[in-house]
Each structure stands twice: as structure tokens, then as C-alpha cells.
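Here is coords-v8.txt, consisting of compact mmCIF, C-alpha atoms:
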# COMPACT_ATOMS: atom_id res chain seq x y z
CA MET A 291 94.99 83.22 102.03
CA MET A 292 94.22 84.64 98.58
CA TRP A 293 93.94 88.38 98.03
CA PHE A 294 92.96 90.47 95.01
CA THR A 295 93.34 94.09 93.98
CA ALA A 296 93.52 96.17 90.80
CA ASP A 297 94.03 99.67 89.50
CA LEU A 298 96.70 100.76 91.95
CA HIS A 299 98.03 103.31 89.43
CA LEU A 300 101.08 103.87 91.60
CA GLY A 301 102.98 106.94 90.47
CA ASP A 302 99.95 108.37 88.63
CA THR A 303 99.32 112.00 89.58
CA ASN A 304 96.28 112.21 87.27
CA ILE A 305 94.40 109.44 89.12
CA LEU A 306 94.31 111.60 92.25
CA HIS A 307 92.04 114.08 90.48
CA ASP A 308 90.39 111.85 87.87
CA MET A 309 89.08 109.44 90.51
CA ASP A 310 89.05 111.93 93.39
CA ARG A 311 91.34 109.74 95.46
CA PRO A 312 91.71 110.98 99.05
CA PHE A 313 95.46 111.53 99.03
CA GLY A 314 97.38 114.80 99.10
CA SER A 315 100.14 113.61 96.78
CA VAL A 316 101.16 110.67 94.64
CA GLU A 317 103.84 109.81 97.20
CA GLU A 318 101.20 109.62 99.94
CA MET A 319 98.99 107.46 97.71
CA ASN A 320 101.87 105.10 96.90
CA ARG A 321 102.78 104.77 100.58
CA LYS A 322 99.23 104.29 101.87
CA VAL A 323 98.25 101.80 99.17
CA ILE A 324 101.37 99.71 99.78
CA ASP A 325 100.90 99.98 103.56
CA ALA A 326 97.28 98.77 103.20
CA ILE A 327 98.45 95.79 101.16
CA ASN A 328 101.13 94.94 103.71
CA GLU A 329 98.65 95.26 106.60
CA CYS A 330 96.21 92.81 104.97
CA VAL A 331 98.39 90.40 103.03
CA ALA A 332 100.97 88.22 104.80
CA ALA A 333 104.34 87.51 103.20
CA ASP A 334 103.34 83.91 102.45
CA ASP A 335 99.81 84.71 101.21
CA ARG A 336 98.97 84.88 97.52
CA LEU A 337 98.20 88.27 95.94
CA TYR A 338 96.75 88.82 92.49
CA ILE A 339 97.03 92.32 91.04
CA LEU A 340 94.49 92.55 88.24
CA GLY A 341 96.15 95.24 86.21
CA ASP A 342 97.41 98.80 86.28
CA PHE A 343 100.04 98.36 88.96
CA THR A 344 101.67 101.64 87.92
CA TYR A 345 101.07 104.31 85.31
CA ARG A 346 103.82 105.69 83.06
CA LEU A 347 106.60 105.00 85.51
CA PRO A 348 110.04 103.86 84.42
CA LEU A 349 110.33 100.13 85.08
CA ALA A 350 113.11 100.74 87.62
CA GLU A 351 110.70 102.82 89.74
CA ALA A 352 107.95 100.23 89.34
CA VAL A 353 110.36 97.53 90.50
CA CYS A 354 111.17 99.57 93.62
CA LEU A 355 107.47 99.95 94.40
CA ARG A 356 106.86 96.22 93.93
CA GLU A 357 109.75 95.43 96.25
CA ARG A 358 108.01 97.42 99.01
CA ILE A 359 105.13 94.91 98.94
CA GLU A 360 106.08 92.23 101.45
CA CYS A 361 104.03 89.41 99.88
CA GLN A 362 106.32 87.08 97.96
CA ASN A 363 103.64 85.34 95.85
CA VAL A 364 102.34 88.10 93.59
CA THR A 365 100.83 87.46 90.17
CA LEU A 366 100.22 90.36 87.80
CA ILE A 367 97.25 90.08 85.46
CA ARG A 368 98.25 92.70 82.89
CA GLY A 369 96.09 95.77 82.44
CA ASN A 370 96.17 98.51 79.86
CA HIS A 371 99.00 100.30 81.72
CA ASP A 372 101.24 97.28 82.38
CA GLY A 373 103.65 97.09 79.48
CA GLY A 374 107.26 96.00 79.52
CA TRP A 375 107.19 93.21 82.09
CA GLU A 376 108.02 90.55 79.50
CA ASP A 377 111.38 92.21 78.74
CA PRO A 378 114.06 89.65 79.75
CA ASP A 379 116.26 92.45 81.13
CA VAL A 380 113.61 93.50 83.67
CA PRO A 381 114.03 91.96 87.13
CA GLN A 382 111.63 89.09 87.71
CA ILE A 383 109.57 90.61 90.52
CA TRP A 384 106.35 88.72 89.78
CA GLU A 385 105.63 85.09 90.44
CA ASP A 386 103.74 85.11 87.15
CA VAL A 387 102.50 87.62 84.57
CA ARG A 388 99.37 86.82 82.57
CA ASP A 389 96.64 88.49 80.56
CA TYR A 390 93.96 86.18 81.98
CA LEU A 391 93.88 83.50 84.65
CA GLU A 392 91.46 80.91 86.00
CA ILE A 393 91.76 79.26 89.40
CA ALA A 394 90.21 75.83 89.86
CA PRO A 395 86.98 75.56 91.86
CA GLY A 396 88.62 73.76 94.79
CA TYR A 397 90.14 77.03 95.98
CA ALA A 398 86.83 78.93 96.32
CA LYS A 399 84.14 76.64 97.74
CA GLY A 400 83.51 75.03 94.37
CA HIS A 401 83.48 78.27 92.39
CA ARG A 402 86.01 78.84 89.62
CA LEU A 403 87.70 82.25 89.85
CA VAL A 404 88.16 83.92 86.48
CA MET A 405 90.52 86.91 86.47
CA SER A 406 91.06 89.61 83.89
CA HIS A 407 91.83 93.30 84.15
CA TYR A 408 88.78 93.94 82.01
CA PRO A 409 85.23 93.04 83.11
CA MET A 410 83.50 90.54 80.85
CA LEU A 411 79.86 90.06 79.95
CA SER A 412 80.42 86.33 79.68
CA TRP A 413 83.22 84.12 81.01
CA ASN A 414 84.17 80.48 81.32
CA GLY A 415 81.87 78.76 83.80
CA LYS A 416 79.53 81.74 84.27
CA ALA A 417 76.47 79.49 84.02
CA ARG A 418 77.99 77.13 86.61
CA GLY A 419 78.78 79.77 89.24
CA ALA A 420 82.25 80.93 88.19
CA ILE A 421 83.16 84.29 89.68
CA MET A 422 84.58 86.99 87.40
CA LEU A 423 87.14 89.20 89.17
CA HIS A 424 88.24 92.35 87.38
CA GLY A 425 89.36 95.94 87.67
CA HIS A 426 89.59 98.66 85.02
CA ILE A 427 86.27 100.48 85.58
CA HIS A 428 87.22 102.26 88.83
CA SER A 429 83.78 101.79 90.35
CA ARG A 430 83.15 103.30 93.76
CA GLY A 431 81.73 100.13 95.28
CA ASP A 432 78.44 101.68 96.30
CA ARG A 433 75.14 100.26 95.12
CA THR A 434 74.04 103.51 93.50
CA ASN A 435 76.94 103.61 91.06
CA ALA A 436 75.68 102.59 87.63
CA ARG A 437 79.15 101.31 86.72
CA ASN A 438 78.91 98.80 89.55
CA ARG A 439 75.26 97.78 89.26
CA ASP A 440 76.21 94.23 88.28
CA ARG A 441 76.92 93.52 91.95
CA GLU A 442 73.14 93.74 92.48
CA ARG A 443 72.30 91.26 89.74
CA PRO A 444 72.40 87.51 90.23
CA ILE A 445 75.69 87.12 88.39
CA TYR A 446 79.03 86.62 90.04
CA ARG A 447 81.17 89.53 88.89
CA TYR A 448 83.22 91.58 91.35
CA ASP A 449 85.35 94.69 90.87
CA VAL A 450 88.46 94.15 93.02
CA GLY A 451 89.85 97.59 92.17
CA LEU A 452 91.10 99.93 94.87
CA ASP A 453 88.46 102.57 94.16
CA ALA A 454 85.68 100.04 94.84
CA ASN A 455 87.20 98.63 98.02
CA ASP A 456 88.31 101.46 100.29
CA TYR A 457 91.83 101.38 98.79
CA LYS A 458 92.54 97.91 100.19
CA PRO A 459 92.87 94.43 98.70
CA VAL A 460 89.95 92.02 99.09
CA SER A 461 90.29 88.43 100.24
CA ARG A 462 88.75 85.40 98.60
CA ASP A 463 86.57 84.97 101.70
CA GLN A 464 85.29 88.56 101.50
CA ILE A 465 84.26 87.96 97.90
CA LEU A 466 82.56 84.66 98.69
CA ASN A 467 80.75 86.24 101.65
CA PHE A 468 79.62 89.15 99.48
CA PHE A 469 77.79 86.68 97.25
CA GLY A 470 76.53 84.63 100.20
CA LEU A 471 78.64 81.61 99.27
Let me see the file written as C-alpha cells.
Amino acid sequence: MMWFTADLHLGDTNILHDMDRPFGSVEEMNRKVIDAINECVAADDRLYILGDFTYRLPLAEAVCLRERIECQNVTLIRGNHDGGWEDPDVPQIWEDVRDYLEIAPGYAKGHRLVMSHYPMLSWNGKARGAIMLHGHIHSRGDRTNARNRDRERPIYRYDVGLDANDYKPVSRDQILNFFGL
């Protein structure tokens, strides 16, 4: 099974207030977010984190948080808060680290999956039904949120960020079902 999430901001005390996250402390947020991932995503599933895994944490602390995620096949699509992972002295905790990634159509009922931390107005295969998965904008996932109004339009763009998805990862099947595919 394929799973997607973004904007975890583990270790970020500011995100609790800036995005009004429902956690009493950053430690509680870290624990509950990782627990939600582990409850949804099996160890042999594939998880894509579309940016902002942590925020201003020393890499050693970020490594410890990553190690608490039980899934072994985790790809990081770098976001604006994901520096330092290309340092050869940093433990290799990711299956892959990219700025952008496309998954062939055979894995999503004929729809190419295009992944970037940042939402795009246009992407490879958009006119042929490719689905843009992104984070970064911290939308709330409700249909009244102007930042998320593209979910109502006939284009395939989906915010996989925690703030838009009840602080849980979303599966490929949930995304396809959302679009009626």
C-alpha cells in the first residue's frame, strides 16, 4: 500500500499556535503524529513524506524521530524545512530523498502521481489525468477554505499535509476515491 503525508513539522513549537494544532505540547504532537503513521502504515508499505518532516531540529533528533516510524520504505520529498539530508555523515534513514518525484500510471489506476512539497499550477501529465500531490499550504481540508478550493475544481491536485487530513497519512486509494477514480 502507498501512503502520503506532508508538513509534519516534528519538533516545531510554533506550528502548534500558527496552525492551531490540537496538541498540548510539541512532545504530544510528535508522539501522536508518529503513532497515527504507525497505526495506518505497515512496516512493508511505502510512505512518501512530501516535505517538512521536522523544523529546526538537530539532525540527530530528526533521525531519532524517523527511527520511531516503523515503515521501512520511506521517501522524503524535500520541503523548505528539510535541509542537511544530503550530508554523507548523516545516517541514511530514508529510502530516497528527492525534490520532486513522479510515479508511473500503473500504480494508480492509470493516473501518474506527481509529488512535490509545493503545489503547482501545472504539472507533467495534468491534461492526461496526472494527480498532483503536495503539502506546504497547511490547508484545513474543508471545502470552505479558500486555500484548498482546488479540490472542488475538476483538476487533480490534493494536499496530503497533516493539517488537511486529520493529522494522519492518506493512502493512494483514499486519494483515488476522493476524485471518484
For Pro312 in chain A, list every protein, DNA or RNA residue within 12 Å, evaluated using all atoms listed in the file, and leave out those in the same chain fewer than 5 positions away; present the list as a ChimeraX atom specification.
-> /A:305-307,318-320,322-323,452-453,456-457
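Reported to one decimal place, the separation of CA of Leu340 in chain A from CA of Ser406 in chain A is 6.3 Å.
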Quick one: residues within 9 Å of Cys330 in chain A, all atoms listed in the file counted, chain neighbours fewer than 2 positions away excluded, as a ChimeraX atom specification?
/A:293,325-328,332,458-461
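Neighbourhood of point (91.9, 79.1, 87.7): residues with an atom at most 8 Å away, counting all atoms listed in the file, are A:Leu391, A:Glu392, A:Ile393, A:Ala394, A:Pro395, A:Arg402, A:Leu403, A:Val404.
Of the listed residues A:Asp308, A:Asp463, A:Asp377, A:Asp372, the one whose atoms come nearest to Tyr345 in chain A is A:Asp372, with distances taken using all atoms listed in the file.
One distance worth recording is that between CA of Gly373 in chain A and CA of Arg346 in chain A, which is 9.3 Å.
Note that the spacing between CA of Gly400 in chain A and CA of Gln362 in chain A amounts to 26.0 Å.
Considering all atoms listed in the file, the residue among A:Tyr446, A:Asp334, A:His407, A:Asn363 positioned nearest to Gly470 in chain A is A:Tyr446.
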Trp384 in chain A surroundings by all atoms listed in the file, 9 Å radius, close-in-sequence under 3 positions cut, as a PyMOL selection string:
chain A and resi 356+362-366+375+381+387
